[in-house]
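I have placed the structure first, in the form of structure tokens, so that the comments after it can refer back to it.
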Amino acid sequence: LRADLMIDFNFQNNDTIQSGSILISEPFASDNFFERSVVYICNHNDEGSFGFVLNNFIDTDIADFVDDFPKTHSRLSIGGPVDTSNLFYFHRYGKEVKGSVHVINDIYLGGDFNEIKKILNKKPEAVLNIRFFVGYSGWEKYQLDNEIAAQSWIVVNKYSEELIFNTSNNNLWKEILQRQGEKFKIISQFPVNPNDN
């Protein structure tokens, strides 16, 4: 191990996992879906957890997949390995979208997709307040808590909500990790493969 990398590798912080938390994967995670991933948690309770990977994009427009979808140039993401044949979304239009479920603050999950399309037909720039995903990330009871205890994730509860709606940032994992303090700035510079050092 290089001397300049000899730091206390304690990847945990003091935040508690909850609905609305962001998870940052540890730098050497080799899972196909979660390597260098940032995950937005929509629900966490005694029954389990689910959310969406924010920084795993498909380089195509959602209009290429959904009939009669407005041309909004909205970027589609792979939300996780579960139920990848379905489209999921969260947004800031809870009062306008029937059936949407409140997550935290002004963020809502799902709801009537036709109403989402109506909003975008009237106001294409509304797409800046909607995220679309193919599939989602899910954990069984206590599974995520155990992964956090094993330092597979750092939990972040203080962040700008603009961050989770920004689909133009291709360096999200690195940037949000660097905001967590000096030690994490160093960790963010680690190569994917430690042997590359």
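Lettering and numbering for the structure tokens are positional, with chains as A, B, ... in the shown order, residues counted from 1 in each chain, and ligands counted from 1 in the shown order.
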Might you pull out every residue within 6 Å of range 138-143 of chain A, with only C-alpha atoms counted and same-chain residues fewer than 4 positions away left off, and present them as a PDB file with N, CA, C and O atoms, in the first residue's frame?
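Result file follows (part21.pdb):
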ATOM      1  N   GLU A  47     -39.675  -3.471   6.788  1.00  0.00           N
ATOM      2  CA  GLU A  47     -39.930  -4.515   5.784  1.00  0.00           C
ATOM      3  C   GLU A  47     -38.853  -4.567   4.706  1.00  0.00           C
ATOM      4  O   GLU A  47     -38.760  -5.534   3.964  1.00  0.00           O
ATOM      5  N   GLY A  48     -38.062  -3.520   4.580  1.00  0.00           N
ATOM      6  CA  GLY A  48     -37.033  -3.476   3.549  1.00  0.00           C
ATOM      7  C   GLY A  48     -36.832  -2.073   3.017  1.00  0.00           C
ATOM      8  O   GLY A  48     -37.294  -1.095   3.614  1.00  0.00           O
ATOM      9  N   SER A  49     -36.153  -1.976   1.878  1.00  0.00           N
ATOM     10  CA  SER A  49     -35.805  -0.672   1.310  1.00  0.00           C
ATOM     11  C   SER A  49     -35.851  -0.747  -0.209  1.00  0.00           C
ATOM     12  O   SER A  49     -35.634  -1.808  -0.798  1.00  0.00           O
ATOM     13  N   PHE A  50     -36.124   0.406  -0.837  1.00  0.00           N
ATOM     14  CA  PHE A  50     -35.967   0.479  -2.280  1.00  0.00           C
ATOM     15  C   PHE A  50     -35.632   1.903  -2.697  1.00  0.00           C
ATOM     16  O   PHE A  50     -35.917   2.875  -1.991  1.00  0.00           O
TER      17      PHE A  50
END
**Message:** Would you pick out the contacts of Val134 in chain A at 6 Å or less, using only C-alpha atoms, so that residues sharing its chain but fewer than 6 positions from it are not included, and give the list as a list of chain:residue names?
**Reply:**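 Result of the neighbour search: A:Ile78, A:Gly79, A:Thr84, A:Asn86, A:Leu87.
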**Message:** When you look at Phe69 in chain A with a cut-off of 12 Å (counting only C-alpha atoms), what residues show up, excluding the ones that are within fewer than 2 positions of it in the same chain? I need them as a PyMOL selection string.
**Reply:** chain A and resi 61-67+71-74+113-121+124+127
Given the selection you just returned, output its residues as a file containing N, CA and C atoms, formatted as an mmCIF file, in the first residue's frame.
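And here's result-v2.cif as it stands now:
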data_model
loop_
_atom_site.group_PDB
_atom_site.id
_atom_site.type_symbol
_atom_site.label_atom_id
_atom_site.label_comp_id
_atom_site.auth_asym_id
_atom_site.auth_seq_id
_atom_site.Cartn_x
_atom_site.Cartn_y
_atom_site.Cartn_z
ATOM 1 N N ASP A 61 -33.211 8.786 -25.418
ATOM 2 C CA ASP A 61 -34.322 9.584 -24.906
ATOM 3 C C ASP A 61 -35.474 8.654 -24.529
ATOM 4 N N ILE A 62 -36.171 8.999 -23.456
ATOM 5 C CA ILE A 62 -37.313 8.186 -23.037
ATOM 6 C C ILE A 62 -38.383 8.111 -24.119
ATOM 7 N N ALA A 63 -38.469 9.121 -24.973
ATOM 8 C CA ALA A 63 -39.454 9.127 -26.063
ATOM 9 C C ALA A 63 -39.222 7.982 -27.044
ATOM 10 N N ASP A 64 -38.009 7.438 -27.068
ATOM 11 C CA ASP A 64 -37.711 6.298 -27.941
ATOM 12 C C ASP A 64 -38.310 5.004 -27.411
ATOM 13 N N PHE A 65 -38.718 4.997 -26.143
ATOM 14 C CA PHE A 65 -39.263 3.805 -25.514
ATOM 15 C C PHE A 65 -40.761 3.882 -25.258
ATOM 16 N N VAL A 66 -41.277 5.098 -25.116
ATOM 17 C CA VAL A 66 -42.671 5.281 -24.715
ATOM 18 C C VAL A 66 -43.437 5.973 -25.830
ATOM 19 N N ASP A 67 -44.518 5.333 -26.277
ATOM 20 C CA ASP A 67 -45.346 5.915 -27.341
ATOM 21 C C ASP A 67 -45.964 7.236 -26.893
ATOM 22 N N LYS A 71 -41.393 15.220 -26.628
ATOM 23 C CA LYS A 71 -39.962 15.333 -26.934
ATOM 24 C C LYS A 71 -39.312 16.301 -25.956
ATOM 25 N N THR A 72 -38.880 15.781 -24.836
ATOM 26 C CA THR A 72 -38.310 16.610 -23.777
ATOM 27 C C THR A 72 -36.806 16.412 -23.628
ATOM 28 N N HIS A 73 -36.241 15.473 -24.366
ATOM 29 C CA HIS A 73 -34.820 15.138 -24.244
ATOM 30 C C HIS A 73 -34.482 14.738 -22.807
ATOM 31 N N SER A 74 -35.404 13.995 -22.192
ATOM 32 C CA SER A 74 -35.188 13.538 -20.829
ATOM 33 C C SER A 74 -34.296 12.302 -20.822
ATOM 34 N N PHE A 113 -49.361 8.086 -15.091
ATOM 35 C CA PHE A 113 -48.362 8.438 -16.111
ATOM 36 C C PHE A 113 -48.947 9.364 -17.176
ATOM 37 N N ASN A 114 -50.218 9.224 -17.463
ATOM 38 C CA ASN A 114 -50.844 10.118 -18.442
ATOM 39 C C ASN A 114 -50.817 11.565 -17.958
ATOM 40 N N GLU A 115 -50.923 11.758 -16.642
ATOM 41 C CA GLU A 115 -50.861 13.114 -16.110
ATOM 42 C C GLU A 115 -49.435 13.664 -16.189
ATOM 43 N N ILE A 116 -48.457 12.794 -16.043
ATOM 44 C CA ILE A 116 -47.061 13.206 -16.241
ATOM 45 C C ILE A 116 -46.882 13.687 -17.678
ATOM 46 N N LYS A 117 -47.421 12.938 -18.633
ATOM 47 C CA LYS A 117 -47.289 13.327 -20.038
ATOM 48 C C LYS A 117 -48.005 14.636 -20.319
ATOM 49 N N LYS A 118 -49.160 14.847 -19.696
ATOM 50 C CA LYS A 118 -49.894 16.104 -19.885
ATOM 51 C C LYS A 118 -49.085 17.290 -19.384
ATOM 52 N N ILE A 119 -48.461 17.124 -18.224
ATOM 53 C CA ILE A 119 -47.625 18.189 -17.673
ATOM 54 C C ILE A 119 -46.507 18.538 -18.642
ATOM 55 N N LEU A 120 -45.865 17.517 -19.203
ATOM 56 C CA LEU A 120 -44.731 17.744 -20.096
ATOM 57 C C LEU A 120 -45.172 18.292 -21.452
ATOM 58 N N ASN A 121 -46.366 17.928 -21.894
ATOM 59 C CA ASN A 121 -46.873 18.495 -23.150
ATOM 60 C C ASN A 121 -47.130 19.992 -23.007
ATOM 61 N N PRO A 124 -42.661 21.585 -21.390
ATOM 62 C CA PRO A 124 -41.555 20.636 -21.553
ATOM 63 C C PRO A 124 -40.431 20.810 -20.527
ATOM 64 N N VAL A 127 -39.611 18.702 -17.185
ATOM 65 C CA VAL A 127 -38.802 17.484 -17.111
ATOM 66 C C VAL A 127 -37.622 17.662 -16.158
#
**Request:** Using only C-alpha atoms, pick whichever of A:Ala29, A:Val39, A:Ile186, A:Leu128 has the shortest atom-to-atom distance to Val155 in chain A.
**Result:**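 Of A:Ala29, A:Val39, A:Ile186, A:Leu128, the one nearest Val155 in chain A is A:Val39, counting only C-alpha atoms.
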**CA of Ile17 in chain A to CA of Leu177 in chain A, straight-line distance in Å** =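 So the two atoms, CA of Leu177 in chain A and CA of Ile17 in chain A, lie 16.5 Å apart.
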**Asked** For Phe165 in chain A, which residue among A:Arg92, A:Lys98, A:Arg131, A:Arg36 is the nearest when counting only C-alpha atoms?
**Response**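 So, comparing all the options, the nearest one is A:Arg131.
Of the residues listed (A:Asn105, A:Ser37, A:Ser137, A:Ser21), A:Ser137 shows the shortest atom-to-atom separation from Phe52 in chain A; distances use only C-alpha atoms.
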**Separation of CA of Arg75 in chain A from CA of Leu54 in chain A, in Å and rounded to one decimal** =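 Value for the CA of Arg75 in chain A-CA of Leu54 in chain A distance: 10.9 Å.
Secondary structure from DSSP on the backbone puts helix (DSSP H, G or I) at the following positions of range 96-170 of chain A: Phe113, Asn114, Glu115, Ile116, Lys117, Lys118, Ile119, Leu120, Asn121, Lys122, Pro124, Glu125, Ala126, Val127, Leu128, Asn129, Gln143, Leu144, Asp145, Asn146, Glu147, Ile148, Ala149, Glu161, Glu162, Leu163, Ile164 and Phe165 of chain A.
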Dump C-alpha atoms for the selected residues as a PDB file, in the first residue's frame?
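Below is the file that was written, again22.pdb:
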ATOM      1  CA  PHE A 113     -48.362   8.438 -16.111  1.00  0.00           C
ATOM      2  CA  ASN A 114     -50.844  10.118 -18.442  1.00  0.00           C
ATOM      3  CA  GLU A 115     -50.861  13.114 -16.110  1.00  0.00           C
ATOM      4  CA  ILE A 116     -47.061  13.206 -16.241  1.00  0.00           C
ATOM      5  CA  LYS A 117     -47.289  13.327 -20.038  1.00  0.00           C
ATOM      6  CA  LYS A 118     -49.894  16.104 -19.885  1.00  0.00           C
ATOM      7  CA  ILE A 119     -47.625  18.189 -17.673  1.00  0.00           C
ATOM      8  CA  LEU A 120     -44.731  17.744 -20.096  1.00  0.00           C
ATOM      9  CA  ASN A 121     -46.873  18.495 -23.150  1.00  0.00           C
ATOM     10  CA  LYS A 122     -47.914  21.804 -21.591  1.00  0.00           C
ATOM     11  CA  PRO A 124     -41.555  20.636 -21.553  1.00  0.00           C
ATOM     12  CA  GLU A 125     -39.145  22.268 -19.087  1.00  0.00           C
ATOM     13  CA  ALA A 126     -41.038  20.457 -16.294  1.00  0.00           C
ATOM     14  CA  VAL A 127     -38.802  17.484 -17.111  1.00  0.00           C
ATOM     15  CA  LEU A 128     -36.155  19.151 -14.939  1.00  0.00           C
ATOM     16  CA  ASN A 129     -38.287  18.112 -11.958  1.00  0.00           C
ATOM     17  CA  GLN A 143     -30.263  -6.262   4.252  1.00  0.00           C
ATOM     18  CA  LEU A 144     -29.390  -2.628   3.628  1.00  0.00           C
ATOM     19  CA  ASP A 145     -28.737  -1.970   7.320  1.00  0.00           C
ATOM     20  CA  ASN A 146     -26.244  -4.848   7.295  1.00  0.00           C
ATOM     21  CA  GLU A 147     -24.531  -3.503   4.164  1.00  0.00           C
ATOM     22  CA  ILE A 148     -24.205  -0.075   5.777  1.00  0.00           C
ATOM     23  CA  ALA A 149     -22.774  -1.662   8.938  1.00  0.00           C
ATOM     24  CA  GLU A 161     -32.486  18.266  -3.987  1.00  0.00           C
ATOM     25  CA  GLU A 162     -31.368  19.766  -7.300  1.00  0.00           C
ATOM     26  CA  LEU A 163     -28.618  17.167  -7.182  1.00  0.00           C
ATOM     27  CA  ILE A 164     -31.004  14.217  -7.513  1.00  0.00           C
ATOM     28  CA  PHE A 165     -32.833  15.771 -10.479  1.00  0.00           C
TER      29      PHE A 165
END
**Message:** Set the distance at 12 Å and use only C-alpha atoms: which residues neighbour Asp31 in chain A once local chain neighbours fewer than 4 positions away are removed? I'd like the list as a VMD selection string.
**Reply:** chain A and resid 25 to 27 35 to 37 80 to 81 152 192
**CA of Leu172 in chain A to CA of Ile187 in chain A, distance in Å rounded to a single decimal** = 14.2 Å
